Structures are given as C-alpha cells and as structure tokens.
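Next comes run.txt, with compact mmCIF, C-alpha atoms.
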# COMPACT_ATOMS: atom_id res chain seq x y z
CA MET A 1 110.71 85.96 147.90
CA GLU A 2 112.01 83.07 145.89
CA ARG A 3 109.23 80.81 144.77
CA ILE A 4 110.20 77.21 145.41
CA ASP A 5 109.01 74.37 143.26
CA SER A 6 105.56 73.20 143.99
CA PRO A 7 105.78 69.88 145.82
CA VAL A 8 102.51 68.82 144.25
CA THR A 9 102.70 66.87 141.02
CA HIS A 10 99.06 65.93 140.64
CA VAL A 11 98.13 68.95 138.58
CA SER A 12 96.47 66.76 135.99
CA THR A 13 94.22 64.79 138.33
CA PRO A 14 90.57 65.36 137.47
CA PRO A 15 88.70 67.16 140.27
CA ARG A 16 86.07 64.41 140.30
CA ARG A 17 88.72 61.86 141.17
CA ILE A 18 90.02 63.99 144.05
CA ALA A 19 86.50 64.50 145.37
CA LEU A 20 85.86 60.77 145.12
CA ALA A 21 89.13 59.99 146.93
CA THR A 22 88.12 62.37 149.73
CA VAL A 23 84.73 60.72 150.07
CA VAL A 24 86.38 57.26 150.05
CA ALA A 25 88.86 58.39 152.72
CA LEU A 26 86.04 59.79 154.88
CA ALA A 27 83.98 56.62 154.50
CA LEU A 28 86.98 54.39 155.24
CA ALA A 29 87.90 56.49 158.27
CA GLY A 30 84.31 56.41 159.53
CA LEU A 31 84.17 52.64 159.12
CA LEU A 32 87.49 52.09 160.94
CA LEU A 33 86.39 54.50 163.66
CA VAL A 34 83.01 52.91 164.30
CA LEU A 35 84.07 49.28 163.82
CA PHE A 36 87.36 49.25 165.73
CA VAL A 37 88.58 52.51 167.26
CA LEU A 38 85.49 53.57 169.22
CA PRO A 39 84.94 50.12 170.82
CA ALA A 40 88.62 49.61 171.66
CA GLU A 41 89.36 53.13 172.91
CA TYR A 42 86.12 54.19 174.57
CA GLY A 43 83.84 51.15 174.75
CA ILE A 44 81.39 52.81 172.37
CA ASP A 45 80.08 49.93 170.28
CA PRO A 46 77.17 50.96 168.03
CA LEU A 47 77.44 47.99 165.62
CA GLY A 48 78.39 45.27 168.09
CA SER A 49 81.77 44.75 166.39
CA GLY A 50 83.61 45.49 169.62
CA ARG A 51 81.81 42.72 171.45
CA ALA A 52 82.26 40.29 168.55
CA LEU A 53 86.03 40.92 168.36
CA GLY A 54 86.57 41.28 172.09
CA LEU A 55 87.71 44.89 171.69
CA ASN A 56 85.48 46.32 174.41
CA ALA A 57 87.69 44.78 177.08
CA LEU A 58 90.47 47.17 176.01
CA ALA A 59 88.30 50.14 176.91
CA THR A 60 87.40 48.93 180.40
CA PRO A 61 88.48 51.83 182.51
CA ALA A 62 91.72 51.34 184.39
CA SER A 63 91.10 49.72 187.76
CA ARG A 64 92.12 53.00 189.46
CA GLY A 65 94.18 51.13 191.99
CA VAL A 66 91.59 48.58 193.05
CA ALA A 67 92.53 44.92 192.52
CA PRO A 68 90.14 42.52 194.31
CA ALA A 69 92.05 39.51 195.64
CA PRO A 70 90.43 36.05 195.81
CA ARG A 71 92.45 35.09 198.88
CA VAL A 72 92.17 35.23 202.68
CA PHE A 73 93.31 38.51 204.19
CA LYS A 74 96.04 37.95 206.81
CA ARG A 75 97.68 40.17 209.38
CA ASP A 76 100.89 39.65 211.26
CA ALA A 77 103.01 41.60 213.69
CA MET A 78 106.08 40.71 215.71
CA GLU A 79 108.86 42.17 217.74
CA PHE A 80 112.21 40.48 218.23
CA THR A 81 115.72 41.30 219.34
CA LEU A 82 118.92 40.41 217.50
CA GLY A 83 122.10 40.05 219.55
CA PRO A 84 125.45 41.25 218.18
CA TYR A 85 126.34 39.58 214.86
CA GLU A 86 123.07 37.64 214.79
CA SER A 87 120.91 37.47 211.71
CA VAL A 88 117.38 36.28 211.02
CA GLU A 89 114.89 36.01 208.18
CA TYR A 90 111.12 36.27 208.29
CA LYS A 91 109.33 35.32 205.13
CA TYR A 92 105.79 34.88 203.87
CA SER A 93 104.43 32.55 201.26
CA VAL A 94 103.04 34.91 198.61
CA GLU A 95 101.60 33.82 195.28
CA SER A 96 102.57 35.60 192.10
CA GLY A 97 100.52 38.79 191.75
CA ALA A 98 99.36 38.85 195.38
CA SER A 99 100.22 41.90 197.48
CA LEU A 100 101.14 42.76 201.01
CA LEU A 101 101.69 45.96 202.98
CA TYR A 102 104.67 46.14 205.29
CA SER A 103 106.30 48.41 207.79
CA TRP A 104 109.25 47.72 210.05
CA SER A 105 111.42 49.79 212.31
CA ALA A 106 114.56 49.04 214.29
CA THR A 107 116.10 50.65 217.33
CA ARG A 108 119.05 51.60 215.14
CA SER A 109 120.21 51.32 211.55
CA ILE A 110 120.61 47.72 210.41
CA VAL A 111 121.57 45.87 207.23
CA TYR A 112 118.55 44.28 205.55
CA ASP A 113 117.66 42.47 202.35
CA PHE A 114 114.05 42.25 201.20
CA HIS A 115 114.04 39.33 198.81
CA GLY A 116 112.08 36.37 197.53
CA GLU A 117 112.78 32.87 196.35
CA PRO A 118 110.70 30.40 194.37
CA PRO A 119 109.64 27.24 196.26
CA ASP A 120 112.58 24.85 196.78
CA LEU A 121 114.88 27.02 194.67
CA PRO A 122 116.90 29.11 197.16
CA GLU A 123 119.61 29.61 194.52
CA ALA A 124 117.07 31.53 192.38
CA ALA A 125 116.53 34.12 195.12
CA GLU A 126 115.95 37.67 193.92
CA SER A 127 116.66 40.79 195.93
CA PHE A 128 114.04 43.58 195.80
CA ASP A 129 115.48 46.07 198.27
CA ARG A 130 118.84 45.74 199.95
CA SER A 131 120.23 48.51 202.09
CA GLU A 132 120.93 49.73 205.60
CA ALA A 133 118.24 51.66 207.46
CA ASP A 134 116.34 51.85 210.70
CA ARG A 135 112.94 51.56 208.99
CA ALA A 136 111.24 50.71 205.73
CA GLN A 137 107.64 50.48 204.60
CA GLY A 138 105.70 50.00 201.42
CA THR A 139 103.57 47.73 199.34
CA PHE A 140 104.84 44.59 197.69
CA THR A 141 103.33 42.65 194.82
CA ALA A 142 105.03 39.29 194.34
CA PRO A 143 106.62 39.00 190.88
CA PHE A 144 106.63 35.20 191.31
CA SER A 145 105.20 32.66 193.74
CA GLY A 146 107.41 31.73 196.64
CA MET A 147 108.73 32.82 200.01
CA HIS A 148 109.17 36.58 200.25
CA GLY A 149 110.50 38.53 203.19
CA TRP A 150 113.38 40.15 205.04
CA TYR A 151 116.85 39.25 206.13
CA TRP A 152 118.22 41.38 208.94
CA GLU A 153 121.80 41.29 210.11
CA ASN A 154 123.01 42.95 213.26
CA GLY A 155 126.59 43.91 212.42
CA GLY A 156 127.11 46.05 215.48
CA GLY A 157 128.16 45.42 219.01
CA SER A 158 124.82 45.84 220.75
CA ASP A 159 121.30 44.42 220.61
CA VAL A 160 118.81 45.67 218.02
CA THR A 161 115.07 45.32 218.46
CA ILE A 162 112.98 45.16 215.31
CA ARG A 163 109.23 45.52 215.02
CA LEU A 164 107.56 44.23 211.83
CA THR A 165 103.93 44.61 210.80
CA THR A 166 102.49 43.13 207.61
CA ALA A 167 99.04 42.65 206.17
CA GLY A 168 98.00 41.13 202.91
CA PHE A 169 97.33 38.01 200.93
CA TYR A 170 99.94 35.52 202.04
CA GLU A 171 99.44 31.93 203.20
CA PHE A 172 101.89 31.22 205.99
CA SER A 173 105.13 32.49 207.47
CA GLN A 174 108.51 30.97 208.29
CA GLU A 175 111.44 32.00 210.41
CA TYR A 176 115.00 31.27 209.23
CA PHE A 177 117.35 31.38 212.19
CA ASP A 178 120.63 29.67 212.94
CA GLY A 179 120.43 27.48 209.83
CA LYS A 180 116.96 26.19 210.64
CA ILE A 181 113.57 26.90 209.04
CA LEU A 182 110.79 27.13 211.61
CA PRO A 183 107.06 27.51 210.93
CA ARG A 184 105.44 30.52 212.57
CA GLU A 185 101.98 31.30 213.83
CA LEU A 186 100.59 34.51 212.33
CA SER A 187 99.67 36.91 215.10
CA ASP A 188 96.60 38.15 213.22
CA GLU A 189 96.55 41.26 215.32
CA ASP A 190 98.00 44.72 215.28
CA ALA A 191 101.56 45.45 216.27
CA PRO A 192 102.27 44.90 219.96
CA ALA A 193 102.41 48.03 222.03
CA ARG A 194 105.88 49.18 222.84
CA MET B 1 129.64 53.88 146.50
CA THR B 2 127.81 52.43 143.56
CA ARG B 3 124.16 52.99 142.89
CA ARG B 4 123.50 49.38 143.78
CA HIS B 5 125.19 49.76 147.16
CA ARG B 6 123.24 52.90 147.83
CA ASP B 7 119.97 51.19 147.02
CA VAL B 8 120.77 48.30 149.36
CA ALA B 9 121.64 50.75 152.14
CA LEU B 10 118.46 52.72 151.56
CA ALA B 11 116.39 49.54 151.51
CA ALA B 12 117.92 48.53 154.85
CA LEU B 13 117.09 51.96 156.29
CA GLY B 14 113.57 51.69 154.96
CA GLY B 15 113.23 48.28 156.57
CA ILE B 16 114.44 49.62 159.91
CA GLY B 17 111.95 52.45 159.60
CA VAL B 18 109.05 50.09 158.94
CA ALA B 19 110.09 47.91 161.88
CA LEU B 20 110.29 50.97 164.15
CA LEU B 21 106.84 52.05 163.04
CA VAL B 22 105.34 48.62 163.68
CA VAL B 23 106.93 48.38 167.12
CA GLY B 24 106.06 51.99 167.84
CA SER B 25 102.43 51.82 166.90
CA ALA B 26 102.00 48.73 169.06
CA HIS B 27 102.82 50.87 172.09
CA ALA B 28 100.60 53.47 173.60
CA HIS B 29 101.57 56.92 172.43
CA ALA B 30 101.84 58.36 175.90
CA LEU B 31 105.04 57.71 177.78
CA SER B 32 105.08 54.18 179.14
CA GLU B 33 104.48 53.57 182.81
CA GLY B 34 108.09 52.75 183.66
CA ASN B 35 109.38 55.82 181.81
CA ALA B 36 106.76 57.98 183.53
CA ARG B 37 107.78 56.69 186.93
CA PHE B 38 111.39 57.57 186.18
CA VAL B 39 110.53 61.09 185.06
CA GLU B 40 108.38 61.72 188.11
CA GLY B 41 111.03 60.40 190.47
CA SER B 42 113.97 62.21 188.91
CA GLU B 43 115.49 65.36 190.34
CA GLY B 44 117.80 67.69 188.47
CA ALA B 45 119.06 67.56 184.91
CA ALA B 46 119.22 64.12 183.29
CA LEU B 47 120.70 64.26 179.79
CA GLY B 48 120.50 60.64 178.67
CA PRO B 49 116.99 59.79 179.86
CA PHE B 50 115.33 62.92 178.48
CA VAL B 51 117.08 62.73 175.12
CA TYR B 52 116.01 59.09 174.89
CA LEU B 53 112.41 59.88 175.87
CA GLY B 54 112.20 62.67 173.27
CA ALA B 55 113.57 60.45 170.51
CA LYS B 56 111.32 57.56 171.53
CA HIS B 57 108.28 59.79 171.62
CA MET B 58 108.94 61.00 168.10
CA ILE B 59 109.74 57.60 166.60
CA THR B 60 106.81 55.82 168.25
CA GLY B 61 104.37 58.68 167.61
CA ILE B 62 102.45 57.53 164.55
CA ASP B 63 100.80 60.95 164.15
CA HIS B 64 104.13 62.81 163.93
CA ILE B 65 105.53 60.17 161.57
CA LEU B 66 102.49 60.22 159.26
CA PHE B 67 102.61 64.02 159.08
CA LEU B 68 106.32 63.98 158.19
CA PHE B 69 105.63 61.29 155.60
CA GLY B 70 102.97 63.50 154.03
CA VAL B 71 105.25 66.55 154.12
CA ILE B 72 108.16 64.88 152.32
CA PHE B 73 106.06 62.74 150.00
CA PHE B 74 106.49 65.01 146.98
CA LEU B 75 109.71 66.76 148.04
CA TYR B 76 112.33 65.52 145.60
CA LYS B 77 115.09 68.03 146.37
CA LEU B 78 117.08 67.77 149.55
CA ARG B 79 116.97 71.57 149.79
CA ASP B 80 113.16 71.45 150.01
CA VAL B 81 113.22 68.63 152.56
CA VAL B 82 115.58 70.67 154.76
CA LEU B 83 113.42 73.80 154.37
CA TYR B 84 110.11 72.11 155.22
CA VAL B 85 111.51 70.03 158.07
CA SER B 86 113.22 73.13 159.50
CA LEU B 87 109.91 74.99 159.49
CA PHE B 88 108.23 72.03 161.21
CA THR B 89 111.06 71.87 163.76
CA LEU B 90 110.89 75.63 164.40
CA GLY B 91 107.15 75.36 164.99
CA HIS B 92 107.15 72.40 167.36
CA SER B 93 110.21 73.58 169.32
CA LEU B 94 108.61 76.98 169.94
CA THR B 95 105.40 75.58 171.39
CA LEU B 96 107.12 72.75 173.26
CA LEU B 97 109.34 75.23 175.12
CA ALA B 98 106.70 77.95 175.51
CA GLY B 99 104.01 75.42 176.48
CA VAL B 100 105.98 73.80 179.29
CA LEU B 101 107.82 76.91 180.54
CA GLY B 102 104.79 79.17 180.22
CA GLY B 103 102.53 76.60 181.83
CA LEU B 104 100.22 76.71 178.82
CA ARG B 105 97.62 74.00 179.45
CA VAL B 106 95.77 72.56 176.49
CA ASP B 107 93.47 69.54 176.49
CA PRO B 108 95.56 66.61 175.15
CA HIS B 109 92.60 65.18 173.19
CA ALA B 110 91.94 68.53 171.53
CA VAL B 111 95.59 68.88 170.49
CA ASP B 112 95.75 65.29 169.25
CA ALA B 113 92.57 65.83 167.23
CA VAL B 114 94.13 68.84 165.49
CA ILE B 115 97.34 66.86 164.94
CA GLY B 116 95.20 64.19 163.26
CA LEU B 117 93.69 66.94 161.11
CA SER B 118 97.21 68.06 160.15
CA VAL B 119 97.83 64.61 158.69
CA ALA B 120 94.56 64.81 156.75
CA TYR B 121 95.37 68.35 155.59
CA LYS B 122 98.77 67.33 154.23
CA ALA B 123 97.26 64.32 152.44
CA PHE B 124 94.52 66.56 151.00
CA GLU B 125 97.17 68.94 149.76
CA ASN B 126 99.19 66.07 148.27
CA LEU B 127 96.10 64.92 146.39
CA GLY B 128 96.15 68.31 144.67
CA ALA B 129 92.75 69.09 146.13
CA PHE B 130 93.40 72.76 146.79
CA GLU B 131 94.26 73.61 143.15
CA ARG B 132 91.85 71.25 141.51
CA LEU B 133 88.80 71.68 143.73
CA GLY B 134 89.26 75.30 144.75
CA ARG B 135 90.97 78.41 143.47
CA TRP B 136 93.13 79.18 146.45
CA ARG B 137 95.98 77.05 147.73
CA PRO B 138 97.48 78.00 151.09
CA ASP B 139 101.27 78.23 151.00
CA PRO B 140 102.46 74.76 152.10
CA ARG B 141 105.35 76.38 153.96
CA HIS B 142 102.95 78.38 156.13
CA ALA B 143 100.88 75.25 156.71
CA VAL B 144 103.85 73.17 157.85
CA LEU B 145 104.93 75.93 160.25
CA VAL B 146 101.45 76.32 161.74
CA PHE B 147 100.98 72.57 162.14
CA GLY B 148 104.49 72.41 163.61
CA LEU B 149 103.23 74.75 166.34
CA VAL B 150 100.34 72.36 167.01
CA HIS B 151 102.58 69.27 167.11
CA GLY B 152 104.77 71.09 169.66
CA LEU B 153 101.73 71.67 171.87
CA GLY B 154 101.11 67.93 171.68
CA LEU B 155 104.69 67.27 172.83
CA ALA B 156 104.23 69.79 175.65
CA THR B 157 101.03 68.15 176.92
CA ARG B 158 102.84 64.80 177.09
CA LEU B 159 105.53 66.30 179.32
CA GLN B 160 102.98 68.22 181.37
CA GLU B 161 101.06 65.05 182.17
CA LEU B 162 104.07 64.10 184.25
CA ALA B 163 104.92 65.92 187.42
CA LEU B 164 108.26 67.32 186.27
CA ALA B 165 110.57 68.36 189.06
CA PRO B 166 111.30 72.10 188.94
CA SER B 167 115.01 71.41 189.44
CA GLY B 168 116.67 71.02 186.09
CA LEU B 169 113.40 71.66 184.24
CA LEU B 170 114.90 73.97 181.62
CA ALA B 171 117.82 71.63 180.93
CA ASN B 172 115.57 68.57 180.76
CA LEU B 173 113.21 70.39 178.42
CA PHE B 174 116.08 71.13 176.03
CA PHE B 175 117.29 67.53 176.32
CA PHE B 176 113.78 66.27 175.49
CA ASN B 177 113.60 68.67 172.54
CA ALA B 178 117.03 67.53 171.32
CA GLY B 179 115.82 63.94 171.58
CA VAL B 180 112.73 64.81 169.53
CA GLU B 181 114.97 66.20 166.78
CA ILE B 182 117.25 63.16 166.86
CA GLY B 183 114.20 60.90 166.60
CA GLN B 184 112.94 63.04 163.75
CA VAL B 185 116.22 62.75 161.83
CA LEU B 186 116.19 58.96 162.33
CA ALA B 187 112.59 58.68 161.18
CA LEU B 188 113.20 61.01 158.21
CA THR B 189 116.25 59.05 157.11
CA ALA B 190 114.22 55.87 157.04
CA LEU B 191 111.21 57.50 155.35
CA LEU B 192 113.35 59.27 152.72
CA GLY B 193 115.25 56.05 152.05
CA GLY B 194 112.03 54.16 151.49
CA LEU B 195 110.51 56.93 149.36
CA HIS B 196 113.68 57.24 147.27
CA LEU B 197 113.60 53.56 146.41
CA TRP B 198 109.90 53.65 145.65
CA ARG B 199 110.15 56.75 143.42
CA ALA B 200 112.62 54.95 141.18
CA ARG B 201 109.90 52.43 140.43
CA GLU B 202 107.11 52.93 138.00
CA SER B 203 104.54 51.97 140.66
CA PHE B 204 105.16 55.28 142.50
CA GLY B 205 103.26 57.28 139.89
CA ARG B 206 100.37 54.84 139.89
CA ARG B 207 100.06 54.39 143.64
CA ALA B 208 100.95 57.86 144.96
CA PHE B 209 97.32 58.93 144.71
CA ALA B 210 96.05 55.83 146.53
CA VAL B 211 98.68 56.17 149.25
CA ASN B 212 97.69 59.78 149.90
CA THR B 213 94.04 58.74 149.98
CA ALA B 214 94.98 56.20 152.66
CA LEU B 215 96.94 58.92 154.48
CA LEU B 216 93.84 61.12 154.33
CA ALA B 217 91.78 58.30 155.87
CA ALA B 218 94.42 57.76 158.58
CA GLY B 219 94.32 61.47 159.39
CA PHE B 220 90.53 61.38 159.64
CA VAL B 221 90.69 58.34 161.94
CA LEU B 222 93.22 60.03 164.26
CA ALA B 223 91.29 63.29 164.29
CA SER B 224 87.90 61.71 164.97
CA GLN B 225 89.31 59.29 167.54
CA HIS B 226 90.64 62.17 169.62
CA ALA B 227 87.63 64.36 168.96
CA VAL B 228 85.47 61.60 170.46
CA GLY B 229 88.01 61.27 173.28
CA TYR B 230 87.63 64.98 174.00
CA TRP B 231 83.86 64.65 174.01
CA VAL B 232 83.90 61.53 176.21
CA SER B 233 86.36 62.95 178.75
CA ALA B 234 84.69 66.37 178.93
Would you write out, as structure tokens, the structure that this file holds?
Amino acid sequence: MERIDSPVTHVSTPPRRIALATVVALALAGLLLVLFVLPAEYGIDPLGSGRALGLNALATPASRGVAPAPRVFKRDAMEFTLGPYESVEYKYSVESGASLLYSWSATRSIVYDFHGEPPDLPEAAESFDRSEADRAQGTFTAPFSGMHGWYWENGGGSDVTIRLTTAGFYEFSQEYFDGKILPRELSDEDAPAR
Amino acid sequence: MTRRHRDVALAALGGIGVALLVVGSAHAHALSEGNARFVEGSEGAALGPFVYLGAKHMITGIDHILFLFGVIFFLYKLRDVVLYVSLFTLGHSLTLLAGVLGGLRVDPHAVDAVIGLSVAYKAFENLGAFERLGRWRPDPRHAVLVFGLVHGLGLATRLQELALAPSGLLANLFFFNAGVEIGQVLALTALLGGLHLWRARESFGRRAFAVNTALLAAGFVLASQHAVGYWVSA
C-alpha cells in the first residue's frame, strides 16, 4: 500500500511541550466546563459562577407544556344560525402570549377565516387559518394583542347552524354583524345541549 | 486569475465560513423546533427540505466542523484532503443509513461525547503527541474512518429523535445524507480557504501548536459536556 505523506509536521516538538499543552488543554477545558458549560446546560453550579452570570436560568428544565397564566379564566359557548349569504364574526380580546382552546362545528361545510387584528388597526388584520370545513378545533396563542376570532360566511342557499365553544384567557367578546360591532356577554358555561 | 484575486476570493470564503460558524454555534445543535415540526408533519419524499436540513445540520454542527478542521489542518495536498474527507464521508454515511434503517438506537449524549473525543483525538494527533510521547501512532486514515462511523451515528440519532414518517423514509434519508455532504463541501471550502491564506503567513508555523492546543481543549469541553449530560439524563 502506498504510504502517503504524514500530515503531521511537528516532528521536532519536544515531548515536554506536548505534555504541557495537553495538561493546559485539560485544565482549560475543565475550567470552561465547570465555570460555564455545567451551569448553563445542566444547572450544576459548583463555584457559583452560574448564579453570578445568570447562566442557571438557561438550564431550567423546559416547562413541559405548562405555562401558568396570570389572567382570569373565561369560558364561552354559543349557537347561532346564518341565513343564505349571511356572514358574521365572533372575536375575543386576547393579549399577546395568552392562549385559548376552541372547537366549532357547523351543520355543513362553510367558509371561515380565523384571524386577528391589533386594537383599532383593522387594516393590519392577520389570517391564521382560512379554509372551508364543517368543523375546526385547536389551541391558539395570540401572536399579538388584539381581537382574535372567526369569520363565517354562508355561501350556500340554505341555513347553517354553527356551535362554538371556547375557553381561555381572553377579556371580552364582540360580535361583528351587518356592519355593526356589538358587545357580547360571555356565557361562562358549557356548550348548550343540542 | 492572479494570485491576488485568488487570495481575495479565499479570504471572502473564509469570512463566510467564520460567519456561518458564529451563526451556527449560536443555535442549538439539534434541529430547531420549526424544522422538527415540519419533519414530523411531512409525509412522503421531500427533496428540498431534507437536503436543506442535512446541509444545515452539518454547517451549524460545531463538533463536525471542528473535527473536519482538525483533519485538514496539516493536509497540504488536495489529493490528501480528498482521501481523508472521502474516508470520513464513507464512515458517516454508512452509520447514518444503517442507524436509521436498521433502527439502531444509541444514546445521543453518549454519541456526542465520543464525537467530542474525536475532536480531541485529532488535535492530539496534530500536536504530534503519538510519535513524540509514545512509540505507536495509529494510522490517521483508520482513525478518520472510525470517527466517521461515530459522527454518522450522531447524525442518525438526530433524525431518530423525530418521528419520521415511514412513507418516503429511504428517499428522505438519502436526501438528508446528500444535504450533509453539500454542507460538508461548503464548510470545507471555507475552512480550506482560510487555512490556505493563513499557511502563506509566517504566523502559521508559530501558532499552529497553540491552535491545536485550543482544539484539544474544545474537544475535551464537548466530550465532558455530553458525558455529564449522559450521566445527568441516565
């Protein structure tokens, strides 16, 4: 087998120097490990450097899905019927970072647009989920503070009844119908029986 | 192309490489949350996304990059670079494919700890420690192949952490592997460009030893970090 050139050029380095470099590398690595890596990665902080530099916070275990909310828990449920070619919007005031759970179903497939808009800035509305379906459910965490909710449009020739249930950390609700914005009372109870 | 032009081009490549490394090391090494969500939600073969993920994983993986840097540090001939990098590629492709397809499960911390050791090993070899401190020097070509196998296991564990859809798995695996090689070529181009410029300077001879000592320390940090991670998570 052809012997290729040795990639190592340090044939003249004194062994003592190499041994010293290895010891220096080990010591440096140990120092970096104990001072910074262990506190930041695992919250192990033998010298207190992690607390002094605020690194321990990085190692706080992931919240595993739990995010306590400093707000009042609200519930709401409603059922309404849209006549042919009618449309309506129901929206909730949700602060940025707050969440809600939702589930709605309709008696047949209907065009909807789950969207939000910042306060007094309807032109900055953002659509989160726009489609046509007879049901949708999920969790929603508001990417910005404002009014967040659904637009439903009955494009067909017959009535559609929609049942919406939400729960979460919103303040109040509004109905947008026929060009008017109307305040709503939250039902604060489970969905009405069919 | 004049020598001056070539140097400017190489300097630019080196600069891009450094920028990629800085950006890359600022990110977590595991696939980011958005990328992970995509992979878990995808069905069937997806060429673009998996090639991109493979390339991104390689370029932002400081352990792979440091190992490659150590491997090519003293390789002056292109022929040697191609030989060593091919051995590394052969090694990591074998275990990436076999690991995912064969369902070989290895603890990610354990693999990452050995990958950290591979960086330290290469630095130790570059320091000339095997000849000068001992009598026996393992063939560096064998070492790069063996550590290539370990790096491939690391790539496999990253993919296995995600719930890959069985549909299109084989295709996506090859796409990911192709992406890894593309990322490797990009990273190598930048590293070689930077090294080439540096070797032309007189400071290379003076600082090569110190740089490999720092590489040795970096390898020790990576290895011990993941060894502790293995111990903590066990």
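Residue nearest chain B within the list A:Leu20, A:Gly50, A:Leu28, A:Glu123: A:Leu28 [criterion: smallest interatomic distance, all atoms listed in the file].
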Next item on the list: Please identify all polymer residues lying at most 8 Å from the point (93.2, 63.6, 144.7) (file coordinates), using all atoms listed in the file, and present the result as an MDAnalysis selection string.
Entry: (chainID A and resid 10 13:15 17:22) or (chainID B and resid 124 126:129 209 212:213)
Next item on the list: Name all residues at most 9 Å from stretch 152-157 of chain B (count all atoms listed in the file; drop same-chain ones fewer than 6 positions away) and give them as a ChimeraX atom specification.
Entry: /B:54,57-58,89,91-100,104-108,111-112,115
Item checked: Contacts of A:Tyr170 within 9 Å, all atoms listed in the file, excl. fewer than 3 positions in-chain, as a ChimeraX atom specification -> /A:71-75,92-95,98-100,167,173
Residues of chain B at most 8 Å from chain A: nearest atom pair and distance in Å, all atoms listed in the file, as a Markdown table:
| residue | atom | partner | partner_atom | distance |
| --- | --- | --- | --- | --- |
| B:Phe74 | CA | A:Pro7 | CA | 5.1 |
| B:Leu75 | CA | A:Pro7 | CA | 5.5 |
| B:Tyr76 | CA | A:Pro7 | CA | 7.9 |
| B:Asp80 | CA | A:Ile4 | CA | 7.9 |
| B:Phe124 | CA | A:Thr22 | CA | 7.8 |
| B:Glu125 | CA | A:Val8 | CA | 7.7 |
| B:Asn126 | CA | A:Val8 | CA | 5.9 |
| B:Leu127 | CA | A:His10 | CA | 6.5 |
| B:Gly128 | CA | A:His10 | CA | 5.5 |
| B:Ala129 | CA | A:Ile18 | CA | 6.1 |
| B:Glu131 | CA | A:Val11 | CA | 7.6 |
| B:Arg132 | CA | A:Pro15 | CA | 5.3 |
| B:Leu133 | CA | A:Pro15 | CA | 5.7 |
| B:Thr213 | CA | A:Ala25 | CA | 5.9 |
| B:Ala214 | CA | A:Ala25 | CA | 6.5 |
| B:Leu216 | CA | A:Ala25 | CA | 5.9 |
| B:Ala217 | CA | A:Ala25 | CA | 4.3 |
| B:Ala218 | CA | A:Ala29 | CA | 6.6 |
| B:Phe220 | CA | A:Ala29 | CA | 5.7 |
| B:Val221 | CA | A:Ala29 | CA | 5.0 |
| B:Ser224 | CA | A:Leu33 | CA | 7.5 |
| B:Gln225 | CA | A:Leu33 | CA | 6.8 |
| B:Gly229 | CA | A:Tyr42 | CA | 7.4 |
| B:Val232 | CA | A:Tyr42 | CA | 7.8 |
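The interatomic distance for the pair atom CA of B:Ala46 and atom CA of B:Phe174 works out to 10.6 Å.
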Notebook entry, point to check: Contacts of A:Phe36 at 9 Å or less, counting only C-alpha atoms, minus same-chain residues fewer than 6 places along, as a ChimeraX atom specification?
Noted result: /A:45,49-50,53,55
Margin query: Can you measure atom CA of B:Leu90 to atom CA of B:Leu197 for me? One decimal in Å is fine.
Written below: 28.6 Å
Checklist line | Test item: residues at most 10 Å from B:Leu87, all atoms listed in the file, excluding those fewer than 2 positions along its chain, as number ranges by chain | finding: B: 81-85, 89-93, 141-149
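The spacing separating atom CA of A:Ala57 from atom CA of B:Ser233 amounts to 18.3 Å.
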